[in-house]
Every structure is written in structure tokens, then in C-alpha cells.
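Read the structure below first, then the notes.
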Amino acid sequence: MASRKKVLLKVIILGDSGVGKTSLMNQYVAKKFSNQYKATIGADFLTKEVMVDDRLVTMQIWDTAGQERFQSLGVAFYRGADGCVLVFDVTMPNTFRSLDSWRDEFLIQASPRDPENFPFVVIGNKIDLENRAVSARRAQGWCHSKGDIPYFETSAKEAINVEQAFQAVAKNAMAQETDVELCSEFPDPIKLSGDNNKPRDSNCPC
Amino acid sequence: MSGAKVDIKVVLLGKAYTGKTSLVERYIHNRFSGDTVPYQNVITIGAAFGAKTVSIGNKNVIIGIWDTAGSERYEAMSRIYYRGAKAAIICYDLSDRSSFDRARFWIGELQKHEENCQIHLCGTKYDLIVDNPDLRKIQERETFALAQDVRGKVYETSSKTGKDVSLIFTNIASDYISSLRNKPAQENKEHLVALRNASSKRNFCSGCKI
Amino acid sequence: MATDHREAEQLVNTSDSDLQEAEFVETNEAPGRCDSAVFAKTDDLDDLTLNITNGVIQNHRGTITSLIRKRSKRSNTPRDQETDADLTNNSNPSEQDIANSIEQSELSSELSEDEDVKNGLEDLSLQDTESAPEEAPSVTLIPSASESDYVNSLEWKQQKKHIFILSESGKPIYSRHGSEDKLVTIMGVMQALVSFVQDNKDNLRSIVAGDHTFVFMNRDHLTFVGITRGRESTQQMLLQLTYMYNQVISVLTHSALTRIFKQHRNCDLRRPLSGSEKFFDNLLNLMDVEPGLLLTSVRCLPLDSSVRDIVSQTIVQHAKVKDLVFALIIAQNQLVALVRMKRYYLHPMDLHLIINLINASESFKAAESWTPICLPKFDAGGFLQAYVSYLDEECQTCLLLLSVDIEAFYTLSECCTKIKERLNRYNALTAISNSLQRHSYSVQQCSIGDLRHFLYKARSTAQYTSPELGPPYNTPDQQDRLFGLYHFLHDKVHSVSRPLKLLYHVGQYETLLGWVTQGFELYAVFGPLVTKNIAIHAVNKLLRWIKREEDRLFILSSVTF
């Protein structure tokens, strides 16, 4: 049954190396882990089944396998993403300043149809550390300026807020997915011009 | 049965797997295979056409029934099936909430494109909720409210037991007879002409004409 | 051997002029190892070979150790030493004859299932925790609930052929075995592999892993993946994937498909395709048993030409309607009659989609239907409207009227009534039904000793004929094996790097002869003891028999409105 099919949400996680993307993913999926693919070709992903508004969906979170080797992952990695999680380290201001370029990179590569409303989520990670250098207010300000991106402060280590952040991206991505009317346009007519259907070789005519 | 002989065109609309084909099967052939044949084996492709003659008083009326496929991909094309229909039977599965939401969509479509089409709301699989009342996902008062809005009628049917299946079609035929009495035009011919006219009209939709 | 060869050629020269041009090639290669052999020969097609080395997999259970070797299109040099070594690794080392090696591979496949699995499917999708780099999380594969049991079962992995369709973003659309819902991880891996190669401005064509060949095809935002451990060659797998692609187009049209992905790159194509899943399953089942798809040709129902004339003339008389492009009658996957609009042709691949539509749907048996269908070879951009109705109570003989006029239903319904009346009046429907009951013909009717079975394709009309399957091909296993032999023979004569006109092949259980000319393709299967002389004699006799029977077996004249 069409609508009963389990939706797959493809979510990309981006951010400077060392901000804790892999830890976040592992923390998030550890509870109900179904499958993992460990990459040698530029990307890892983890799969987790989650409930979003009473619907069971499969979330597939794609992570880069080490930026130093795969600086540009190319269009293929981003293509058809349903959501994007931008991560920075609250103790490292430079990782926060990189968010702009990560967001731009994503929008250029994935070129979503409606960039203004694309389901992003921003995560300020490592709030368990004491040497915090990026205030929540500053991060929220940035998120607000980019079209009210939801902002979450997490600790992958202490499992604080991780679930909520991923749940938010899943929920927003689902909202876009179900809005889509795919079959609303009337199909194109066939015009009988008589010359677009010549047999091309001896195998053709019947 | 060719279209030229049909007095009333009736169209069945609704989400896939609501039991439109079973309803027609019960009505035309008085049989039910829903329990024995896996549904995906008989899923309707495009639309199926069938006809049946009913006697109302001393008059015979031929009802031509378009049983449309519920799959999403046919939506854009559904207009070719419901255009010119005197009545639409909009089906929803009494045990499936989403099918009722889809019914609202079809009502909207009809009101937009075919305002003279009489709407009959038909909740299907009544036998299921008799067996287990907890399965009911659409309350009668909701459908009555909706029916009032669109000046339509409401039925709760079971193609398995036959409950109220013929009633819908008999009502449609009676409505037609009384409309004939009210304005004794050559409705019969008109319908045919309307079809033919339509096929030469170019304003129906940009996509469908060659 | 040498004298044998010469004599055969002399014989050929005197018996049929066509054969003079034939390049006579004799092989003793075992089909059991033909996959790898063919792979090597057509290597210039495979820009890239991704090998999964056995050793690594066995030791580490699954980290993809990618040995990516690019072969430039420009260098058509024979395979190099390195490739050679790898192929030897993957191929069956035995040099035994055809039948032996088939038997062996069947036997060994039972014994080494686990190994197959390790070499093939499983390890592509799995990670290994023990051998993974240290930053990898220490997790093990937990097949979640019972629902995913099937796709993790041995049964799933042992399927002879898997077909997957996924979108370019890696979203599952279709899987032949197991619910695509449960296969998101393997599809993700496939997308990763395809994308990785694409990012290097290249295309992934195939992977050979143990006994399995993975074939990839990218079309219109979709990736088609075929995995086989049967005897289909890469080319033949590509043909099967093309049929799958055509089926997608047939449901959606090319224009709608590209529009959908242009507007929603992340779209879940299962939604617009819903309700058509059966067509994909059925098409794949047809491909496993129906040689017409391999030969891109159709089989006609054997009928006296007088009956066939009545049928087509009836259609011409009663269905001469504006905008009607094709009218055809199909009975049990066989073409009874075809009438077409002048200047328009029905491609056999399109006809197979039509046959599949009828074959897969029970719903046409209940009532007259009116449904859109796109025929990609005819016009991938739009739909034709098909009027579909069975003509007999038993629902064996099906009439299809394909029009570009979306309003034509009632008109065509009247045509159908008239056609039915006239066909009944001339007893044509009875003749069709009798022919269906007679089950085509047996190979004995050709009165050629030692000939067990054959496929004959008339190239100019894209039609083929073949006798019923008789002994020893009366069990599913034997039929499957016979079909494998035809795949082998077909692949050899159509080999891209070394196409053959004639192939004579001796095996333990049968001797094969493949022959391709301008006019026909013939694939004949003999008993194992037949000599080359006898086989050639027999084939010439068979051609004469076909010639005598051709107006019964084929539609010879193309009828137009």
C-alpha cells in the first residue's frame, strides 16, 4: 500500500573535523541500531528507524569519512538529501564560523528546490566541557538569520539533547515529504507526426 | 455494453484498496471474491467500465459505471473518467482514517470540475466494524456533517454481505427518473451528444487533446 | 578434427549459400565459466572493474576492500597479466566440458552457499567490527525485528537473481526479493559505489565478486542493479535492466519521470509507481522463462493463415477509427494479430510491455478497461490510451486497441462488440482457442532425429518460433538449464568483441549450434552424440521445415488501417 510504505529520510551531517559528528551519530543510533556501513569510499552512513507523528520512518544519516581525504564529496553525496545537520563545537569558535561555508556548500551541492525552507538543524556540541567559547545566544542569532533554523545544544558524551535534535530534523523533513503532490500534472499528449517512429534497424519493425 | 446506450454515468472514486471494485462486483455480478483473491492481484489498472439495467417503476434505466483505479499516478487523469458523470460514489474504508481524508480530496475535485455531479459518500467494509467496533475510524456524525456540506448522501456498505450496495445505485437511478419527470428533455440523446461534443472541444485541458 | 571441419564446410557450401559467409567457430568452452570468460573478452566495455578479493573477505568478513582498476576505453589491448590472474581467481578452474561443469557448478553451489554469500551480497552491505579501523564504533549487526528476517536469511542470499531499482539519492524503489523497505542499507551502499565512480567522471558498469556478477545501469535519475549467479552475461543483464527501465517509463512516461526528479530530487518514486509493483515482478518472471525477451522478438500463435487473415481483416473493417494507432489480439503471451496505422511500428520491446500488462493483471478479466500506457520505443514522452477487453468467456483471447484519443472509449467499445460478433460468426475465436489447446507443436513434428529443441527468430519481422519443451526438458530444473544454454549460445554469437556467425559447441549432455544470418537467428539443441555433419544437415532440414510452415507460425504480412 502506497502510503504505508516506510519512508526513507536521507540526512547529511556536516561540520569541521573534531566537532563530534561521528559521536553524535553513534550516540543517536546506539539505542536502536539496525545497520551500519563502514566506508572506504568517502562516506559512512548509519540507519535508524524512528517514529515521526505515528509513522515509522527510516532515517539514514550520512557522514563524511574524514574531510582531509575527501575534501569535496561531490554532488553525489549530497544529492537528494531530505535534511541536513550542521554541527559545531561550542568550545571552538572557528568551528562555529565554518557553519556559513558548510551551509553554502550544502546548498550549492544539493541544490534543493526551496533552499529557504530546507530542513536544517544546527547542533552546538560538547556542552559538557568547561571551556565554552560560543554562547547560545550567538548561535541562536546565526540560526535566526538563516531562516529560523532550529538550534540544539548537545553533549554526545553525556547524551544530552541528541535525540531531540535528530528528531527535529526528521520531523521537519517528513513535513516536506508528505506535502508533495507528484502526480498532479496532466501527462503530455502524444502527437502523431508520423516520422518519429521509423524503425531504426532490422531488429525493429514488427 | 457501449456507452451510447447508457442513461446515467456513475463514477467510483477513492483511495486504493477501499473496495471500489468489490462494490461494483457485488452490484453487477452479485459476487464477492475479496476473501479469496489477494487484492494486489486484481488491483484496477486505469479504469474499468461496466453497466447494469435497473427497473424503477415501469422504467428501465441503464447505469454505466466507471470503476477507477485508486493509485496516485492516475489522479491527474481521473477527470476523463468523471467528466459528465451524473453521480459519483466516493469510497472510503471505514477502518482507515487516511482513506477518509482522501475522500475530501475527491469531493474538492468534483466541486471544482463537475458541480452538477451528485455526491454519494460510501463507507466500505462495514462487516469489519460489525465484527470489531474498535476498527471504526470514521464516525457517522462526521460523514453526515460532510454530506450536508456537499448536499450528498451517506451509506455504510459491505460488499461482503451486500449491505446497502444496491441501495446506492437504486437511489441514483430514482433520482435520475425524477429529474426526467421534472424536465422531460431528451436526456438520453443529450448525454451521448455531450460526450461527442466534449471530444471535439479544445478547452478541457491542455494536456489531453492532440 | 581438422578433416571434420573441412568436410563440414564443404557440406555447408553445397547445402546453403548463406553459410558461405559464415565464420565457422568451434568451441569447447564450458558455460560454467563463461561469465568470467566473456567478461574478459568484452572487457573493453567495462571501463572499471571492481574486484572484491576473496582472501580479504574471508579473513575480515566484509570490509569492502576496493581494488578499483580503471581500464581506459581507448586501450583495447587484450587483458593484461594482472586481470588474468584475478579472473582465474574468480572463475571455475576446471576445464571440463559444458555439461560436466554445469553439473559441477550446481553441485558446488549447494556445498558452498556460505562462501557464495560471503563473496557476494552480504559482505557488500556489512561492516566488520573486528577488522574495522579503531575509530569505528564497536557494534555488531543486529537484524532488527522479525520483519527484516527474510532479507537477512540464507534463502534471500541464495536467490539466483536479484534486481534492485533505486533513485540517484539512494532511495529504494524496487527489489525483486524481499521488501525494499528492509534493504535501505544495501541500496545505500550501491548508491555510494555508483556515486563514487560518477564523481570521477566515470561509470560503474559491473562488479564480479565470487560467483556473482553485479551489473549497474544509470538512466534518468535512477540506478538499476542486477545481480546474478546464473549464466546471463553482462550484456544480457543490461538488456534485462533496460526492460525494467522501460517498465518504469511505461507506467510514468519519460517526461513525468524527469519532471518529478527535477522538482523533487529526494522524491520517493514508490508513490507514483504504487499499484504497478506486480508489473515489475511479472516482467522478471517472464524474462526467466520466455525467450522472446532475450531475442527481442515475439512469438505468434500458430494459426492457419486463412484464420489469421479473417482476424486481421475483421479488425481493419471494424476498428478503422480516427487516432487508433495499434490494434492487436494477444492469447497467452502470443501474438494473434496486429494491425497498425501506416507509418507506425510496434517495437518488440514495447509489445513485451503490452504482453506483460495483460499477463500481470487479473482486473481486465472482470470488465472492459481504459487505461493509459506509455510505450517507450513508440513515444516515451506520452501515454497512449488502451482499450482492453477479453473476447471469450474463458478470458484467453484479449483485444487491445491503442489510441491517442483519450475520449475514444465508447467508440472503441463499439468496435470491440462488432469485432467479437464477426470473429464468432467465422469461428475464429474457436480456432484460436483450439490452437491454444494444441500447445503449439512438438519438436517431433519437424521429423528431425537428434534435434531436441530450437529457437528460430526471423529478424525482419522480429518474431520467433520454438517447439514445446519436451523430454529431457520437462522439469523446471532442466528447463532452467536449457534456458542457460540458450543464454550462453546467444551471448557467444552476439559477443561485442567477437561476434560469430556460426557456433558449434559440443557438451556432455547436448550439442549446440548457433547460426546468425541477415535473415534469421537459429539456436538449436541436439543430443550429445550428434556429429557436426548431422547437425548441419539437420539444421538445413529444419530451415526447410520452417519455410514450409511459416505462414502458420508467423505473421508474414503487415496489416495497416
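Simple scheme: letters A, B, ... for chains in C-alpha cells order, numbers from 1 for residues in each chain, numbers from 1 for ligands in the order shown.
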
9 Å contacts from chain C to chain B using only C-alpha atoms, as a compact mmCIF listing (two decimals) with C-alpha atoms, in the first residue's frame:
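Result file follows (part_21.txt):
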```txt
# COMPACT_ATOMS: atom_id res chain seq x y z
CA VAL C 251 3.88 3.47 -16.06
CA LEU C 252 5.00 7.08 -15.72
CA ARG C 271 4.42 6.60 -4.51
CA PRO C 272 3.75 7.33 -8.18
CA LEU C 273 4.63 3.72 -9.02
CA SER C 274 2.33 2.25 -6.41
CA GLY C 275 -0.14 -0.23 -7.79
CA SER C 276 2.29 -1.24 -10.52
CA GLU C 277 4.64 -3.41 -8.42
CA LYS C 278 3.16 -6.51 -9.97
CA ALA C 360 0.06 -9.43 -14.91
CA SER C 361 -3.45 -8.07 -14.48
CA GLU C 362 -6.45 -10.02 -13.41
CA SER C 363 -8.55 -6.88 -13.44
CA PHE C 364 -9.01 -6.91 -17.22
CA ALA C 366 -13.72 -8.54 -14.97
CA ALA C 367 -14.68 -5.71 -17.27
CA GLU C 368 -13.73 -3.57 -20.23
CA SER C 369 -10.88 -1.28 -19.26
CA TRP C 370 -9.50 2.03 -20.38
CA THR C 371 -6.00 2.69 -19.21
CA PRO C 372 -3.03 4.87 -20.07
CA VAL C 404 -4.08 8.75 -28.87
CA ASP C 405 -7.64 9.99 -28.32
CA ILE C 406 -8.36 10.00 -24.63
CA GLU C 407 -12.11 10.22 -25.32
CA ALA C 408 -12.33 7.21 -27.59
CA PHE C 409 -13.51 4.61 -25.07
CA TYR C 410 -17.14 4.33 -26.11
CA THR C 411 -16.24 4.28 -29.78
CA LEU C 412 -13.69 1.55 -29.24
CA SER C 413 -16.10 -0.38 -27.06
CA GLU C 414 -18.50 -0.48 -30.01
CA THR C 417 -18.55 -5.60 -29.91
```

Got a sec: who's within 12 Å of Asn161 (chain A), counting only C-alpha atoms, leaving out chain neighbours fewer than 2 positions off, as a ChimeraX atom specification? /A:24,27-28,123-128,151-159,163-168

Computed interatomic separation between CA of Ile129 (chain B) and CA of Leu167 (chain B) (Å): 19.8 Å

Using only C-alpha atoms, which of the listed residues (A:Leu14, A:Ile190, A:Val52, A:Val169) sits closest to chain C? A:Ile190

Can you pull out the residues contacting Ser135 (chain A)? Cut-off 10 Å, using only C-alpha atoms, and skip same-chain residues under 6 positions away; I want them as an mmCIF file with N, CA and C atoms, in the first residue's frame.
```cif
data_model
loop_
_atom_site.group_PDB
_atom_site.id
_atom_site.type_symbol
_atom_site.label_atom_id
_atom_site.label_comp_id
_atom_site.auth_asym_id
_atom_site.auth_seq_id
_atom_site.Cartn_x
_atom_site.Cartn_y
_atom_site.Cartn_z
ATOM 1 N N VAL A 90 31.090 23.937 20.725
ATOM 2 C CA VAL A 90 30.874 25.201 21.450
ATOM 3 C C VAL A 90 32.160 25.719 22.098
ATOM 4 N N THR A 91 33.189 24.906 22.120
ATOM 5 C CA THR A 91 34.447 25.380 22.705
ATOM 6 C C THR A 91 35.418 25.877 21.636
ATOM 7 N N PRO A 93 35.457 28.419 18.561
ATOM 8 C CA PRO A 93 34.748 29.438 17.777
ATOM 9 C C PRO A 93 34.951 29.280 16.265
ATOM 10 N N GLY A 124 25.100 22.661 18.534
ATOM 11 C CA GLY A 124 26.318 23.079 19.238
ATOM 12 C C GLY A 124 26.680 21.942 20.185
ATOM 13 N N GLY A 141 21.380 33.483 17.284
ATOM 14 C CA GLY A 141 21.317 34.632 16.382
ATOM 15 C C GLY A 141 21.621 34.218 14.948
#
```

Write out as a ChimeraX atom specification every residue belonging to chain C that has an atom at most 6 Å from any atom of chain A, counting only C-alpha atoms. /C:126-127,142,144,169,195,265-266,271,274,343-347,382,459-462

Just the number, please: distance in Å from CA of Glu109 (chain B) to CA of Tyr82 (chain B), one decimal. 9.9 Å

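For the atom pair formed by CA of Val87 (chain A) and CA of Gly15 (chain A), the distance is 4.9 Å, given to one decimal.
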
Taking 4 positions as the minimum chain separation for residues in the same chain, which residues sit within 12 Å of Arg176 (chain C) when counting only C-alpha atoms? Answer as a CSV table (one decimal) with N, CA and C atoms, in the first residue's frame.
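The result, stored in around37.csv:
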```
chain,number,residue,atom,x,y,z
C,151,VAL,N,15.3,-10.7,4.6
C,151,VAL,CA,16.4,-10.2,3.8
C,151,VAL,C,17.8,-10.5,4.5
C,156,TRP,N,17.3,-15.6,1.1
C,156,TRP,CA,17.3,-14.4,0.3
C,156,TRP,C,18.7,-14.3,-0.4
C,159,GLN,N,19.1,-16.5,-3.6
C,159,GLN,CA,18.3,-16.2,-4.8
C,159,GLN,C,19.2,-16.1,-6.0
C,160,LYS,N,18.8,-16.7,-7.1
C,160,LYS,CA,19.7,-16.8,-8.2
C,160,LYS,C,19.9,-15.4,-8.8
C,161,LYS,N,18.8,-14.6,-8.8
C,161,LYS,CA,19.0,-13.3,-9.4
C,161,LYS,C,18.3,-12.2,-8.6
C,162,HIS,N,19.0,-11.1,-8.3
C,162,HIS,CA,18.4,-10.0,-7.6
C,162,HIS,C,18.3,-8.8,-8.6
C,163,ILE,N,17.2,-8.1,-8.5
C,163,ILE,CA,17.1,-6.9,-9.3
C,163,ILE,C,16.7,-5.8,-8.3
C,164,PHE,N,17.4,-4.7,-8.3
C,164,PHE,CA,17.1,-3.5,-7.5
C,164,PHE,C,16.9,-2.3,-8.4
C,165,ILE,N,16.0,-1.4,-7.9
C,165,ILE,CA,15.9,-0.1,-8.5
C,165,ILE,C,16.0,0.9,-7.4
C,172,PRO,N,15.3,3.5,-1.9
C,172,PRO,CA,14.8,2.2,-2.5
C,172,PRO,C,13.5,2.4,-3.3
C,180,GLU,N,11.7,-3.8,-0.3
C,180,GLU,CA,12.7,-2.8,-0.5
C,180,GLU,C,12.9,-1.9,0.8
C,183,LEU,N,15.8,-3.0,2.8
C,183,LEU,CA,17.0,-3.1,2.0
C,183,LEU,C,17.7,-1.7,1.9
C,224,PHE,N,19.7,1.1,-11.8
C,224,PHE,CA,19.2,-0.3,-11.9
C,224,PHE,C,20.4,-1.2,-11.6
C,225,VAL,N,20.2,-2.1,-10.7
C,225,VAL,CA,21.2,-3.1,-10.4
C,225,VAL,C,20.7,-4.5,-10.5
C,226,GLY,N,21.5,-5.3,-11.3
C,226,GLY,CA,21.1,-6.7,-11.4
C,226,GLY,C,22.3,-7.5,-10.9
C,227,ILE,N,21.9,-8.5,-10.1
C,227,ILE,CA,22.9,-9.4,-9.5
C,227,ILE,C,22.6,-10.8,-9.9
C,244,MET,N,13.4,-3.3,-17.4
C,244,MET,CA,12.9,-2.8,-16.2
C,244,MET,C,12.7,-1.3,-16.3
C,277,GLU,N,3.6,-2.5,-8.9
C,277,GLU,CA,4.6,-3.4,-8.4
C,277,GLU,C,4.6,-4.8,-9.1
C,278,LYS,N,3.3,-5.2,-9.3
C,278,LYS,CA,3.2,-6.5,-10.0
C,278,LYS,C,3.8,-6.6,-11.4
C,279,PHE,N,3.7,-5.5,-12.1
C,279,PHE,CA,4.3,-5.5,-13.4
C,279,PHE,C,5.8,-5.8,-13.4
C,280,PHE,N,6.4,-5.3,-12.4
C,280,PHE,CA,7.9,-5.5,-12.3
C,280,PHE,C,8.2,-6.9,-12.0
C,281,ASP,N,7.5,-7.5,-11.0
C,281,ASP,CA,7.7,-8.9,-10.7
C,281,ASP,C,7.4,-9.8,-11.8
C,282,ASN,N,6.3,-9.5,-12.5
C,282,ASN,CA,5.8,-10.4,-13.6
C,282,ASN,C,6.8,-10.3,-14.8
C,283,LEU,N,7.3,-9.1,-15.1
C,283,LEU,CA,8.2,-8.9,-16.2
C,283,LEU,C,9.5,-9.8,-15.9
C,284,LEU,N,9.9,-9.7,-14.7
C,284,LEU,CA,11.1,-10.5,-14.3
C,284,LEU,C,10.9,-12.0,-14.4
C,285,ASN,N,9.7,-12.4,-14.0
C,285,ASN,CA,9.3,-13.8,-14.2
C,285,ASN,C,9.3,-14.2,-15.6
```

DSSP strand (DSSP E) residues within region 54-192 of chain B, as a ChimeraX atom specification: /B:54-56,59-68,87-93,118-124,153-156

What would the file look like if the residues just selected were written as a JSON list (two decimals), in the first residue's frame with C-alpha atoms?
```json
[["chain", "number", "residue", "atom", "x", "y", "z"],
["B", 54, "VAL", "CA", -32.31, -1.36, -13.25],
["B", 55, "SER", "CA", -36.08, -1.07, -13.26],
["B", 56, "ILE", "CA", -37.56, 1.88, -11.47],
["B", 59, "LYS", "CA", -38.92, 2.29, -16.49],
["B", 60, "ASN", "CA", -35.62, 0.64, -17.33],
["B", 61, "VAL", "CA", -32.51, 2.64, -16.68],
["B", 62, "ILE", "CA", -29.04, 1.64, -17.82],
["B", 63, "ILE", "CA", -26.33, 2.65, -15.41],
["B", 64, "GLY", "CA", -22.81, 2.86, -16.80],
["B", 65, "ILE", "CA", -20.29, 2.54, -14.02],
["B", 66, "TRP", "CA", -16.69, 3.72, -14.14],
["B", 67, "ASP", "CA", -14.63, 1.96, -11.53],
["B", 68, "THR", "CA", -11.43, 4.00, -11.33],
["B", 87, "ALA", "CA", -23.32, 10.74, -9.76],
["B", 88, "ALA", "CA", -20.08, 9.96, -8.00],
["B", 89, "ILE", "CA", -19.71, 7.29, -5.35],
["B", 90, "ILE", "CA", -16.81, 8.36, -3.20],
["B", 91, "CYS", "CA", -15.49, 5.38, -1.30],
["B", 92, "TYR", "CA", -13.56, 5.30, 1.94],
["B", 93, "ASP", "CA", -12.66, 2.40, 4.14],
["B", 118, "GLN", "CA", -24.42, 14.25, -7.19],
["B", 119, "ILE", "CA", -22.11, 13.04, -4.43],
["B", 120, "HIS", "CA", -22.68, 9.76, -2.60],
["B", 121, "LEU", "CA", -20.37, 9.09, 0.30],
["B", 122, "CYS", "CA", -19.81, 5.41, 0.76],
["B", 123, "GLY", "CA", -18.07, 3.95, 3.77],
["B", 124, "THR", "CA", -16.98, 0.43, 2.85],
["B", 153, "LYS", "CA", -25.94, 11.14, 0.71],
["B", 154, "VAL", "CA", -24.18, 8.77, 3.07],
["B", 155, "TYR", "CA", -24.04, 4.97, 3.02],
["B", 156, "GLU", "CA", -22.18, 2.40, 5.01]]
```

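Residue neighbourhood of region 511-528 of chain C, excluding near-sequence residues (fewer than 6 positions): Asp450, Leu451, Arg452, His453, Phe454, Leu455, Tyr456, Lys457, Ala458, Arg459, Lys501, Leu502, Leu503, Tyr504 and His505 of chain C, at 6 Å, using only C-alpha atoms.
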
For C-alpha atoms, I'd like the residues from the last selection saved as a PDB file, in the first residue's frame.
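Just written: result_37.pdb:
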```pdb
ATOM      1  CA  ASP C 450      18.503 -35.817 -32.565  1.00  0.00           C
ATOM      2  CA  LEU C 451      17.027 -32.320 -32.599  1.00  0.00           C
ATOM      3  CA  ARG C 452      15.759 -31.664 -29.095  1.00  0.00           C
ATOM      4  CA  HIS C 453      14.727 -28.070 -29.175  1.00  0.00           C
ATOM      5  CA  PHE C 454      15.359 -24.839 -31.039  1.00  0.00           C
ATOM      6  CA  LEU C 455      14.679 -21.123 -31.184  1.00  0.00           C
ATOM      7  CA  TYR C 456      14.292 -19.532 -34.584  1.00  0.00           C
ATOM      8  CA  LYS C 457      13.996 -15.776 -34.918  1.00  0.00           C
ATOM      9  CA  ALA C 458      13.003 -14.139 -38.163  1.00  0.00           C
ATOM     10  CA  ARG C 459      14.955 -10.925 -37.935  1.00  0.00           C
ATOM     11  CA  LYS C 501      28.001 -16.165 -37.389  1.00  0.00           C
ATOM     12  CA  LEU C 502      28.128 -19.784 -36.559  1.00  0.00           C
ATOM     13  CA  LEU C 503      28.952 -21.647 -33.402  1.00  0.00           C
ATOM     14  CA  TYR C 504      29.139 -25.385 -32.979  1.00  0.00           C
ATOM     15  CA  HIS C 505      29.545 -26.479 -29.420  1.00  0.00           C
TER      16      HIS C 505
END
```

Apply DSSP to the backbone of this structure and, from chain B, keep only the residues in alpha helix (DSSP H); write these as number ranges by chain. B: 20-29, 79-82, 97-113, 126-131, 140-149, 165-182, 187-200

Which residues, written as a PDB file with N, CA and C atoms, in the first residue's frame, have at least one atom at most 8 Å from Cys117 (chain B), with only C-alpha atoms counted and residues fewer than 3 positions away on the same chain left out?
```pdb
ATOM      1  N   GLY B  84     -18.833  14.459 -16.945  1.00  0.00           N
ATOM      2  CA  GLY B  84     -20.171  14.127 -17.429  1.00  0.00           C
ATOM      3  C   GLY B  84     -20.902  13.139 -16.549  1.00  0.00           C
ATOM      4  N   ALA B  85     -20.320  12.798 -15.405  1.00  0.00           N
ATOM      5  CA  ALA B  85     -20.988  11.825 -14.533  1.00  0.00           C
ATOM      6  C   ALA B  85     -22.162  12.481 -13.812  1.00  0.00           C
ATOM      7  N   LYS B  86     -23.289  11.751 -13.740  1.00  0.00           N
ATOM      8  CA  LYS B  86     -24.454  12.253 -13.010  1.00  0.00           C
ATOM      9  C   LYS B  86     -24.235  12.071 -11.510  1.00  0.00           C
ATOM     10  N   ALA B  87     -23.525  11.032 -11.180  1.00  0.00           N
ATOM     11  CA  ALA B  87     -23.321  10.742  -9.764  1.00  0.00           C
ATOM     12  C   ALA B  87     -21.927  10.188  -9.538  1.00  0.00           C
ATOM     13  N   ALA B  88     -21.385  10.516  -8.381  1.00  0.00           N
ATOM     14  CA  ALA B  88     -20.084   9.959  -8.002  1.00  0.00           C
ATOM     15  C   ALA B  88     -20.249   9.232  -6.686  1.00  0.00           C
ATOM     16  N   LEU B 110     -14.396  17.222  -7.461  1.00  0.00           N
ATOM     17  CA  LEU B 110     -15.693  17.216  -8.127  1.00  0.00           C
ATOM     18  C   LEU B 110     -16.339  18.593  -8.056  1.00  0.00           C
ATOM     19  N   GLU B 114     -16.896  19.494 -11.633  1.00  0.00           N
ATOM     20  CA  GLU B 114     -18.110  18.786 -12.064  1.00  0.00           C
ATOM     21  C   GLU B 114     -19.227  19.076 -11.060  1.00  0.00           C
TER      22      GLU B 114
END
```
